$ cat run-v6.txt   # compact mmCIF, C-alpha atoms
# COMPACT_ATOMS: atom_id res chain seq x y z
CA MET H 1 -17.00 18.41 -9.53
CA THR H 2 -14.54 18.54 -12.44
CA THR H 3 -11.06 17.07 -12.01
CA ASP H 4 -8.22 18.74 -13.91
CA VAL H 5 -5.98 16.12 -15.53
CA TRP H 6 -2.47 17.23 -16.57
CA PHE H 7 -0.51 15.07 -19.03
CA VAL H 8 3.25 15.70 -19.03
CA MET H 9 4.36 15.45 -22.66
CA LEU H 10 8.01 14.63 -23.36
CA PRO H 11 9.78 13.66 -26.60
CA GLY H 12 9.31 9.97 -27.36
CA VAL H 13 6.08 9.67 -25.38
CA LEU H 14 4.26 6.39 -26.03
CA ALA H 15 1.15 7.41 -27.92
CA LEU H 16 -1.14 4.86 -26.25
CA ASP H 17 0.21 5.68 -22.78
CA MET H 18 -1.19 9.15 -23.30
CA THR H 19 -4.15 8.74 -25.66
CA GLY H 20 -5.53 5.63 -23.90
CA PRO H 21 -6.14 7.33 -20.53
CA ALA H 22 -6.96 10.65 -22.23
CA GLU H 23 -9.75 9.10 -24.34
CA THR H 24 -11.01 7.20 -21.29
CA PHE H 25 -11.24 10.35 -19.17
CA ALA H 26 -12.73 12.32 -22.07
CA LEU H 27 -15.55 9.80 -22.45
CA ALA H 28 -16.54 10.49 -18.84
CA GLY H 29 -17.75 13.90 -20.02
CA ASP H 30 -17.53 16.99 -17.85
CA ALA H 31 -16.09 15.06 -14.91
CA PHE H 32 -12.56 15.63 -16.26
CA ARG H 33 -10.83 18.57 -17.93
CA LEU H 34 -7.70 17.58 -19.87
CA HIS H 35 -4.49 19.63 -20.22
CA TYR H 36 -1.24 18.80 -22.04
CA ILE H 37 1.91 20.37 -20.65
CA GLY H 38 5.65 20.04 -21.14
CA PRO H 39 8.97 21.76 -21.76
CA ASP H 40 8.39 21.96 -25.55
CA ALA H 41 5.37 23.19 -27.50
CA GLU H 42 5.66 20.18 -29.86
CA VAL H 43 6.97 16.66 -29.26
CA PRO H 44 7.59 13.66 -31.52
CA VAL H 45 5.76 10.58 -30.25
CA SER H 46 6.44 6.87 -30.53
CA ILE H 47 4.43 6.27 -33.72
CA GLY H 48 6.13 8.96 -35.83
CA LEU H 49 3.60 11.75 -35.35
CA THR H 50 4.24 15.14 -33.78
CA MET H 51 1.88 16.45 -31.12
CA GLY H 52 1.53 20.20 -30.73
CA ASN H 53 -0.32 22.87 -28.76
CA ILE H 54 1.46 21.73 -25.58
CA LEU H 55 1.35 24.33 -22.82
CA PRO H 56 4.40 25.23 -20.69
CA LEU H 57 4.87 23.53 -17.34
CA PRO H 58 2.90 25.69 -14.87
CA GLU H 59 4.43 26.93 -11.64
CA THR H 60 1.79 25.11 -9.60
CA LEU H 61 -1.22 22.87 -10.12
CA PRO H 62 -4.63 23.39 -8.53
CA GLU H 63 -5.38 21.29 -5.48
CA GLY H 64 -7.35 18.18 -6.45
CA SER H 65 -5.59 17.83 -9.80
CA LEU H 66 -4.53 14.52 -11.31
CA LEU H 67 -1.02 14.61 -12.78
CA VAL H 68 -0.30 11.95 -15.41
CA LEU H 69 3.20 10.83 -16.44
CA PRO H 70 2.91 8.71 -19.61
CA GLY H 71 5.84 6.45 -20.46
CA VAL H 72 8.28 6.93 -23.32
CA CYS H 73 9.34 4.45 -25.98
CA ASP H 74 12.98 4.28 -24.84
CA SER H 75 13.14 5.42 -21.23
CA ALA H 76 16.92 5.00 -20.97
CA HIS H 77 17.33 7.51 -23.82
CA TYR H 78 14.39 9.89 -23.50
CA TYR H 79 14.63 10.33 -19.72
CA ALA H 80 18.23 11.49 -20.22
CA THR H 81 17.21 14.44 -22.43
CA PRO H 82 17.27 18.12 -21.37
CA GLN H 83 13.46 18.14 -21.57
CA ALA H 84 13.21 15.22 -19.14
CA GLU H 85 15.62 16.95 -16.77
CA LYS H 86 13.47 20.07 -16.83
CA ALA H 87 10.38 17.96 -16.12
CA ARG H 88 12.23 16.18 -13.30
CA ARG H 89 13.14 19.45 -11.57
CA TRP H 90 9.55 20.64 -11.99
CA LEU H 91 8.23 17.42 -10.39
CA MET H 92 10.62 17.90 -7.47
CA ARG H 93 9.02 21.27 -6.79
CA LEU H 94 5.61 19.59 -6.71
CA GLN H 95 6.78 16.90 -4.29
CA PRO H 96 5.20 18.48 -1.16
CA ALA H 97 1.80 18.74 -2.86
CA ILE H 98 2.02 15.16 -4.15
CA HIS H 99 3.17 13.64 -0.86
CA SER H 100 0.47 15.53 1.05
CA GLN H 101 -2.05 14.13 -1.50
CA LYS H 102 -3.20 17.58 -2.57
CA ILE H 103 -2.30 16.39 -6.09
CA ALA H 104 -2.78 12.79 -7.21
CA LEU H 105 -0.06 11.25 -9.39
CA MET H 106 -0.70 8.65 -12.10
CA CYS H 107 2.28 6.97 -13.79
CA VAL H 108 1.70 4.87 -16.89
CA CYS H 109 4.29 2.26 -17.87
CA SER H 110 7.81 3.76 -17.67
CA GLY H 111 6.36 7.04 -16.42
CA SER H 112 7.20 5.66 -12.97
CA MET H 113 10.90 6.02 -13.90
CA LEU H 114 10.51 9.77 -14.22
CA ALA H 115 8.70 9.86 -10.87
CA ALA H 116 11.55 7.84 -9.34
CA LYS H 117 14.18 10.21 -10.74
CA ALA H 118 12.26 13.09 -9.14
CA GLY H 119 12.37 11.36 -5.76
CA LEU H 120 8.61 10.77 -5.56
CA LEU H 121 8.59 7.01 -4.95
CA GLY H 122 10.67 6.61 -1.78
CA GLY H 123 8.83 4.21 0.53
CA ILE H 124 5.95 3.95 -1.95
CA GLN H 125 4.46 0.70 -3.27
CA CYS H 126 4.69 0.96 -7.04
CA THR H 127 4.99 -0.98 -10.29
CA THR H 128 5.86 -0.49 -13.96
CA HIS H 129 6.30 -2.41 -17.22
CA HIS H 130 8.00 -5.77 -16.63
CA ASP H 131 10.97 -4.75 -18.78
CA VAL H 132 11.60 -1.72 -16.55
CA ILE H 133 11.19 -3.32 -13.10
CA ALA H 134 14.92 -3.77 -12.48
CA ARG H 135 15.77 -0.21 -13.53
CA LEU H 136 12.94 1.17 -11.38
CA ARG H 137 14.41 -0.62 -8.36
CA ALA H 138 17.80 0.87 -9.13
CA ALA H 139 16.38 4.38 -9.62
CA ALA H 140 14.33 4.24 -6.41
CA PRO H 141 16.13 1.88 -3.97
CA THR H 142 13.71 2.63 -1.12
CA ALA H 143 10.58 2.15 -3.22
CA LEU H 144 8.51 -1.00 -2.64
CA VAL H 145 8.47 -2.21 -6.25
CA LYS H 146 5.86 -4.88 -7.03
CA GLU H 147 5.90 -7.25 -10.00
CA ASN H 148 2.98 -8.77 -11.90
CA ARG H 149 0.56 -5.97 -11.08
CA ILE H 150 -1.75 -4.18 -13.47
CA PHE H 151 -1.73 -1.11 -11.26
CA ILE H 152 -1.22 -0.22 -7.64
CA GLU H 153 -1.93 2.79 -5.40
CA ASP H 154 -0.10 4.04 -2.34
CA ARG H 155 -0.88 7.35 -0.64
CA GLY H 156 -2.30 9.03 -3.71
CA ILE H 157 0.39 7.80 -6.10
CA TRP H 158 -0.86 5.43 -8.79
CA THR H 159 1.52 3.39 -10.95
CA SER H 160 0.63 0.94 -13.70
CA ALA H 161 2.26 -1.67 -15.89
CA GLY H 162 2.66 -1.46 -19.65
CA ILE H 163 0.73 0.63 -22.13
CA THR H 164 -2.93 -0.56 -22.08
CA SER H 165 -2.90 -0.80 -18.29
CA GLY H 166 -3.24 2.99 -18.37
CA ILE H 167 -6.78 2.46 -19.66
CA ASP H 168 -7.49 0.02 -16.81
CA LEU H 169 -6.21 2.52 -14.28
CA ALA H 170 -8.17 5.40 -15.83
CA LEU H 171 -11.36 3.32 -15.63
CA HIS H 172 -10.63 2.51 -12.01
CA LEU H 173 -10.15 6.20 -11.19
CA ILE H 174 -13.41 7.06 -12.97
CA HIS H 175 -15.08 4.36 -10.86
CA ARG H 176 -13.69 5.95 -7.69
CA LEU H 177 -14.37 9.58 -8.58
CA CYS H 178 -17.59 9.31 -10.59
CA GLY H 179 -19.15 6.03 -9.50
CA PRO H 180 -19.68 2.62 -11.11
CA ALA H 181 -22.38 3.72 -13.54
CA THR H 182 -20.09 6.23 -15.27
CA ALA H 183 -17.16 3.79 -15.34
CA LEU H 184 -19.38 1.09 -16.80
CA ALA H 185 -20.75 3.42 -19.48
CA VAL H 186 -17.22 4.44 -20.51
CA ALA H 187 -15.99 0.84 -20.60
CA ARG H 188 -18.92 -0.27 -22.72
CA GLU H 189 -18.42 2.66 -25.09
CA MET H 190 -14.76 1.66 -25.45
CA VAL H 191 -15.60 -2.07 -25.63
CA VAL H 192 -12.98 -2.92 -23.02
CA TRP H 193 -13.00 -5.21 -19.98
CA PHE H 194 -12.55 -4.27 -16.36
CA ARG H 195 -9.48 -5.75 -14.68
CA ARG H 196 -8.04 -5.56 -11.18
CA SER H 197 -4.60 -5.45 -9.70
CA GLY H 198 -3.64 -8.03 -7.11
CA ASP H 199 -3.89 -5.56 -4.24
CA ASP H 200 -6.99 -3.80 -5.48
CA PRO H 201 -10.30 -4.64 -3.79
CA GLN H 202 -12.87 -6.49 -5.84
CA LEU H 203 -15.02 -4.37 -8.06
CA SER H 204 -18.63 -3.90 -7.08
CA PRO H 205 -21.14 -6.33 -8.64
CA TRP H 206 -22.28 -3.48 -10.88
CA LEU H 207 -18.93 -3.86 -12.69
CA ARG H 208 -17.60 -7.30 -11.81
CA TYR H 209 -19.84 -9.25 -14.20
CA ARG H 210 -19.79 -6.88 -17.15
CA ASN H 211 -16.81 -8.44 -18.93
CA HIS H 212 -18.85 -9.84 -21.80
CA LEU H 213 -20.51 -8.61 -24.98
CA HIS H 214 -23.84 -10.49 -25.04
CA PRO H 215 -26.64 -7.93 -25.61
CA ALA H 216 -29.44 -9.92 -23.95
CA VAL H 217 -27.41 -10.44 -20.77
CA HIS H 218 -26.48 -6.75 -20.71
CA ARG H 219 -30.16 -5.82 -21.10
CA ALA H 220 -31.08 -8.11 -18.20
CA GLN H 221 -28.29 -6.65 -16.07
CA ASP H 222 -29.45 -3.12 -16.91
CA LEU H 223 -32.94 -4.00 -15.66
CA LEU H 224 -31.68 -5.50 -12.41
CA THR H 225 -29.14 -2.79 -11.63
CA ALA H 226 -31.76 -0.08 -12.22
CA GLU H 227 -34.16 -1.61 -9.66
CA PRO H 228 -32.43 -4.31 -7.60
CA GLN H 229 -34.94 -3.87 -4.76
CA LYS H 230 -37.85 -4.92 -7.00
CA PRO H 231 -39.25 -8.46 -6.43
CA TRP H 232 -38.08 -9.72 -9.82
CA GLN H 233 -39.28 -13.03 -11.24
CA LEU H 234 -37.16 -14.89 -13.77
CA ALA H 235 -40.00 -15.04 -16.30
CA GLU H 236 -40.48 -11.27 -16.16
CA ILE H 237 -36.77 -10.58 -16.68
CA ALA H 238 -36.59 -13.03 -19.59
CA GLY H 239 -39.69 -11.54 -21.19
CA ARG H 240 -38.30 -8.02 -20.93
CA VAL H 241 -35.12 -9.04 -22.81
CA HIS H 242 -37.00 -11.23 -25.31
CA VAL H 243 -35.57 -14.66 -24.49
CA SER H 244 -36.97 -17.66 -22.65
CA SER H 245 -36.34 -18.19 -18.96
CA ARG H 246 -34.35 -21.33 -19.67
CA HIS H 247 -32.21 -19.57 -22.28
CA LEU H 248 -31.55 -16.58 -19.98
CA THR H 249 -30.44 -18.98 -17.25
CA ARG H 250 -28.01 -20.64 -19.67
CA LEU H 251 -26.69 -17.26 -20.86
CA PHE H 252 -25.97 -16.06 -17.30
CA GLN H 253 -24.09 -19.27 -16.50
CA GLN H 254 -22.17 -19.13 -19.78
CA HIS H 255 -21.16 -15.46 -19.71
CA LEU H 256 -21.18 -14.59 -15.99
CA GLY H 257 -20.64 -17.96 -14.31
CA ILE H 258 -23.50 -17.37 -11.87
CA SER H 259 -27.29 -17.64 -11.86
CA VAL H 260 -29.71 -14.77 -12.35
CA ARG H 261 -30.79 -15.17 -8.71
CA ASP H 262 -27.20 -15.02 -7.41
CA TYR H 263 -26.43 -11.95 -9.53
CA LEU H 264 -29.47 -10.12 -8.14
CA GLU H 265 -28.56 -11.19 -4.62
CA GLN H 266 -25.07 -9.73 -4.98
CA LEU H 267 -26.54 -6.41 -6.11
CA ARG H 268 -28.81 -6.38 -3.06
CA LEU H 269 -25.94 -7.26 -0.77
CA ALA H 270 -23.94 -4.32 -2.08
CA ILE H 271 -26.86 -1.98 -1.34
CA ALA H 272 -27.35 -3.44 2.13
CA GLU H 273 -23.65 -3.07 2.96
CA GLN H 274 -23.74 0.54 1.82
CA CYS H 275 -26.78 1.21 4.02
CA LEU H 276 -25.03 -0.35 7.01
CA LEU H 277 -21.96 1.81 6.41
CA GLN H 278 -24.23 4.85 6.43
CA GLY H 279 -25.36 3.91 9.95
CA ARG H 280 -28.76 2.42 9.18
CA GLY H 281 -29.99 -0.53 11.20
CA VAL H 282 -29.90 -4.11 9.91
CA GLU H 283 -33.66 -4.26 9.35
CA GLN H 284 -33.69 -0.95 7.47
CA ALA H 285 -30.71 -2.02 5.36
CA ALA H 286 -32.30 -5.38 4.54
CA LEU H 287 -35.62 -3.89 3.44
CA ALA H 288 -33.99 -1.06 1.49
CA ALA H 289 -31.96 -3.59 -0.48
CA GLY H 290 -34.95 -5.76 -1.36
CA PHE H 291 -34.53 -8.53 1.23
CA SER H 292 -37.70 -9.64 3.00
CA SER H 293 -36.09 -9.63 6.44
CA PRO H 294 -32.79 -9.30 8.31
CA ARG H 295 -32.67 -13.12 8.43
CA GLN H 296 -32.73 -13.29 4.62
CA LEU H 297 -29.93 -10.71 4.50
CA HIS H 298 -27.90 -12.70 7.03
CA ARG H 299 -28.30 -15.88 4.96
CA ALA H 300 -27.22 -14.08 1.80
CA ARG H 301 -24.12 -12.70 3.54
CA HIS H 302 -23.30 -16.16 4.84
CA ARG H 303 -23.50 -17.65 1.33
CA VAL H 304 -20.86 -15.29 -0.04
CA ALA H 305 -18.60 -15.34 3.01

$ encode --input "run-v6.txt" --output "structure tokens"
Amino acid sequence: MTTDVWFVMLPGVLALDMTGPAETFALAGDAFRLHYIGPDAEVPVSIGLTMGNILPLPETLPEGSLLVLPGVCDSAHYYATPQAEKARRWLMRLQPAIHSQKIALMCVCSGSMLAAKAGLLGGIQCTTHHDVIARLRAAAPTALVKENRIFIEDRGIWTSAGITSGIDLALHLIHRLCGPATALAVAREMVVWFRRSGDDPQLSPWLRYRNHLHPAVHRAQDLLTAEPQKPWQLAEIAGRVHVSSRHLTRLFQQHLGISVRDYLEQLRLAIAEQCLLQGRGVEQAALAAGFSSPRQLHRARHRVA
């Protein structure tokens, strides 16, 4: 399924607020279709360039769309322009679709201010750039504004902190919509790390330990994630990535902070938990994940509890 992503382009838009998420979604391939819309066909952006070929604001958006509000370089000024007022009125018309979660909303940096002015954040947990927190509270007195968050979601409305956090949020949405393998491939292509917000659940082990650049460790992780159920031996893994067993052990501790055995066990636990959620019995889940018995699964769960 392809998700349509609509970027609202206003004068003064922060280039990285828009291009960061746009590049991230684009690298996910056909999973996302990008559109750029706004009151004007061309807009000056924060770095002195002019962006063109911007389509008019449509009357409606297709159900299942993702609407992105990038921030602007001076929100006090640029959100007081006639173009921002036109965008605000347009967002107000979309309020029923957004609040019913037929359309998802993603605000990057001060983009949350525009959402607040359109009345979209009442009673919603949200965040923004630390310099804008106080003004966001004033613009949306009933919003539940959170500080020190990378991003946060509440009822289909996503808000993020400053600038590069838009990339973090885009990766998280790719993880949710396309799965961890696609998110990991995009992050590695971009050479960026995965991060979490304080309220966000921990990433799966497929992503949690990928915040490094060591090629041998990545090769070992690729082997294990491809076949976590296989009865791997340390010597075989090390041989496949062309290092010694002792050196691979040191590399895992240095770059991941865990042993090869513990990393593999966490992959298997994730598979077992998924099987259990699908309604399979404990024995079936244990064997499908590569554990020798339900007792071994129970012990592994106890170790990480």

$ closest_residue --input "run-v6.txt" --among "H:Thr127, H:Gln229, H:Asp262, H:Met113" --to "Ala80 of chain H" --atoms "only C-alpha atoms"
H:Met113

$ atom_distance --input "run-v6.txt" --atom1 "atom CA of Lys146 of chain H" --atom2 "atom CA of Ala15 of chain H"
24.7 Å

$ closest_residue --input "run-v6.txt" --among "H:Val192, H:Val68, H:Ala285, H:Ala41" --to "Asp4 of chain H" --atoms "only C-alpha atoms"
H:Val68

$ atom_distance --input "run-v6.txt" --atom1 "atom CA of Lys230 of chain H" --atom2 "atom CA of Leu184 of chain H"
21.8 Å

$ atom_distance --input "run-v6.txt" --atom1 "atom CA of Leu69 of chain H" --atom2 "atom CA of Gly48 of chain H"
19.7 Å

$ residues_around --input "run-v6.txt" --residues "Arg301 of chain H" --least-positions-apart "6" --cutoff "12 Å" --atoms "only C-alpha atoms" --output "ChimeraX atom specification"
/H:262,265-270,272-273,286,291,294-295

$ residues_near_point --input "run-v6.txt" --point "(-30.1, -15.2, -18.2)" --cutoff "12 Å" --atoms "only C-alpha atoms" --output "ChimeraX atom specification"
/H:214-221,223-224,233-264
